[in-house]
Amino acid sequence: MLSRILVALALILATSLAGSRAEMSDEKALGDPAARVTIIEFASLSCPHCAEFHKFRFDWLKENYIDTGKVRFIFRDFPLNRPALLGSMAAHCAEPSKYFAFLSLLFKNQEKWAFSQPVEEQLAKLARVSGMGQEKLINCLQDEALAERIIQSRLESQNTYNIESTPSFLVGDQLIVGVPSEERLQELIEGASE
């Protein structure tokens with residue numbers, strides 16, 4: 001049952017467990033796989049600072065670095081609570097070509113769904129806007145295997161990269177916490193590409 005998964009998420013949030021090295025098999029990435037710099041974002045869909053990054057910095061990063069082939073961008077789910085886990089699950093059930101658009105929709109409308117009850121009803125409204133049917137969303141939110149993969153990926157990120165808060169970014173081999181300015185991102189990208 002999904003409630004078991006949510007209990008597991010609570011345990012992960014409460015303690016730092018030694019976990020397996022499970023990766024999401026369908027890693028969500030944009031940009032040239034051969035780019036000189038890789039940025040991994042660790043984010044929770046219910047984190048206001050993560051939403052701030054996606055509202056005010058991500059388009060700039062995409063236009064100037066991802067779309068130009070200079071950066072490969074990888075998004076890693078790091079759910080901090082039940083709404084974030086459910087949002088991550090819904091995003092993973094979107095059509096693969098619409099994943100990042102749905103992610104953007106979730107971040108831009110975060111205050112409307114992540115902090116409202118019931119979360120499932122609010123996600124259903126956004127899913128309809130993105131073209132995902134209600135039946136698909138319901139099945140998605142009941143997919144225990146998907147929930148477990150997201151939680152295991154979060155645990156792996158926590159243990160491998162010592163992620164303690166969101167958003168966190170691994171730019172090349174440098175970990176930064178919080179929302180970086182455009183200038184700071186440019187500096188980190190240029191430093192990592194040398």
# chains A, B, ... in the order shown; residues from 1 in each chain; ligands from 1
>>> select_by_dssp(residues="range 14-131 of chain A", states="strand (DSSP E or B)", output="MDAnalysis selection string")
chainID A and resid 28:30 37:43 71:77
>>> write_last_selection(atoms="N, CA and C atoms", output="compact mmCIF listing (two decimals), in the first residue's frame")
# COMPACT_ATOMS: atom_id res chain seq x y z
N LYS A 28 16.04 11.78 -15.66
CA LYS A 28 15.46 12.92 -16.36
C LYS A 28 16.55 13.94 -16.62
N ALA A 29 16.87 14.13 -17.89
CA ALA A 29 17.98 15.00 -18.26
C ALA A 29 17.66 15.80 -19.51
N LEU A 30 18.28 16.96 -19.59
CA LEU A 30 18.21 17.83 -20.76
C LEU A 30 19.63 18.16 -21.19
N VAL A 37 30.12 20.10 -19.01
CA VAL A 37 29.69 20.30 -17.62
C VAL A 37 28.34 19.64 -17.41
N THR A 38 28.21 18.92 -16.30
CA THR A 38 26.93 18.35 -15.89
C THR A 38 26.50 19.03 -14.61
N ILE A 39 25.23 19.43 -14.59
CA ILE A 39 24.62 19.99 -13.38
C ILE A 39 23.53 19.02 -12.96
N ILE A 40 23.60 18.59 -11.70
CA ILE A 40 22.54 17.77 -11.13
C ILE A 40 21.83 18.62 -10.09
N GLU A 41 20.52 18.77 -10.27
CA GLU A 41 19.72 19.48 -9.28
C GLU A 41 19.00 18.46 -8.41
N PHE A 42 19.10 18.63 -7.11
CA PHE A 42 18.37 17.80 -6.14
C PHE A 42 17.28 18.71 -5.57
N ALA A 43 16.02 18.38 -5.86
CA ALA A 43 14.94 19.29 -5.50
C ALA A 43 13.70 18.55 -5.03
N VAL A 71 26.00 22.52 -21.22
CA VAL A 71 25.65 21.89 -19.95
C VAL A 71 24.64 20.78 -20.19
N ARG A 72 24.85 19.68 -19.50
CA ARG A 72 23.84 18.62 -19.40
C ARG A 72 23.21 18.80 -18.02
N PHE A 73 21.88 18.89 -17.98
CA PHE A 73 21.15 19.15 -16.75
C PHE A 73 20.37 17.90 -16.37
N ILE A 74 20.57 17.45 -15.14
CA ILE A 74 19.87 16.27 -14.63
C ILE A 74 19.05 16.70 -13.42
N PHE A 75 17.77 16.30 -13.42
CA PHE A 75 16.90 16.59 -12.30
C PHE A 75 16.74 15.34 -11.46
N ARG A 76 17.02 15.45 -10.15
CA ARG A 76 16.84 14.32 -9.23
C ARG A 76 15.80 14.69 -8.19
N ASP A 77 14.80 13.84 -8.08
CA ASP A 77 13.76 14.03 -7.07
C ASP A 77 14.37 13.87 -5.68
>>> residues_around(residues="Pro180 in chain A", least_positions_apart="6", cutoff="10 Å", atoms="only C-alpha atoms", output="PyMOL selection string")
chain A and resi 53+57+167-169+186+188
>>> select_by_dssp(residues="range 8-171 of chain A", states="alpha helix (DSSP H)", output="VMD selection string")
chain A and resid 8 to 14 48 to 56 58 to 61 82 to 93 99 to 108 110 to 113 119 to 129 134 to 141 144 to 161
>>> atom_distance(atom1="CA of Ala35 in chain A", atom2="CA of Ile189 in chain A")
11.1 Å
>>> closest_residue(among="A:Cys93, A:Val171, A:Val179, A:Ile151", to="Leu137 in chain A", atoms="only C-alpha atoms")
A:Cys93
>>> residues_around(residues="Trp113 in chain A", least_positions_apart="5", cutoff="8 Å", atoms="only C-alpha atoms", output="tab-separated table (two decimals) with all heavy atoms, in the first residue's frame")
chain	number	residue	atom	x	y	z
A	106	LEU	N	4.33	22.20	-12.26
A	106	LEU	CA	4.23	21.94	-10.81
A	106	LEU	C	4.94	23.01	-10.00
A	106	LEU	O	4.41	23.49	-8.99
A	106	LEU	CB	4.79	20.55	-10.49
A	106	LEU	CG	3.98	19.36	-10.99
A	106	LEU	CD1	4.74	18.06	-10.74
A	106	LEU	CD2	2.61	19.32	-10.32
A	119	VAL	N	-4.23	16.90	-1.78
A	119	VAL	CA	-3.19	17.11	-2.79
A	119	VAL	C	-3.55	16.40	-4.09
A	119	VAL	O	-3.36	16.94	-5.18
A	119	VAL	CB	-1.82	16.63	-2.25
A	119	VAL	CG1	-0.78	16.63	-3.35
A	119	VAL	CG2	-1.38	17.48	-1.09
A	122	GLN	N	-5.75	18.45	-6.30
A	122	GLN	CA	-5.05	19.57	-6.90
A	122	GLN	C	-4.12	19.09	-8.02
A	122	GLN	O	-4.01	19.74	-9.07
A	122	GLN	CB	-4.25	20.33	-5.83
A	122	GLN	CG	-5.10	20.85	-4.68
A	122	GLN	CD	-6.27	21.69	-5.14
A	122	GLN	OE1	-6.14	22.52	-6.03
A	122	GLN	NE2	-7.43	21.48	-4.54
A	123	LEU	N	-3.46	17.95	-7.81
A	123	LEU	CA	-2.62	17.38	-8.87
A	123	LEU	C	-3.46	16.98	-10.07
A	123	LEU	O	-3.02	17.11	-11.22
A	123	LEU	CB	-1.84	16.17	-8.35
A	123	LEU	CG	-0.64	16.47	-7.46
A	123	LEU	CD1	-0.08	15.19	-6.86
A	123	LEU	CD2	0.45	17.21	-8.25
>>> closest_residue(among="A:Leu103, A:Phe78, A:Ala94, A:Arg36", to="His54 in chain A", atoms="only C-alpha atoms")
A:Leu103
>>> residues_around(residues="Ser44 in chain A", least_positions_apart="5", cutoff="6 Å", atoms="only C-alpha atoms", output="number ranges by chain")
A: 78-80, 84
>>> write_last_selection(atoms="C-alpha atoms", output="PDB file, in the first residue's frame")
ATOM      1  CA  PHE A  78      14.448  14.710  -3.399  1.00  0.00           C
ATOM      2  CA  PRO A  79      10.944  14.688  -1.893  1.00  0.00           C
ATOM      3  CA  LEU A  80      10.777  16.190   1.578  1.00  0.00           C
ATOM      4  CA  ALA A  84       6.432  16.310  -2.971  1.00  0.00           C
TER       5      ALA A  84
END
>>> atom_distance(atom1="CA of Gly31 in chain A", atom2="CA of Arg149 in chain A")
23.6 Å
>>> closest_residue(among="A:Leu185, A:Leu155, A:Ala91, A:Ala192", to="Asn64 in chain A", atoms="only C-alpha atoms")
A:Leu185
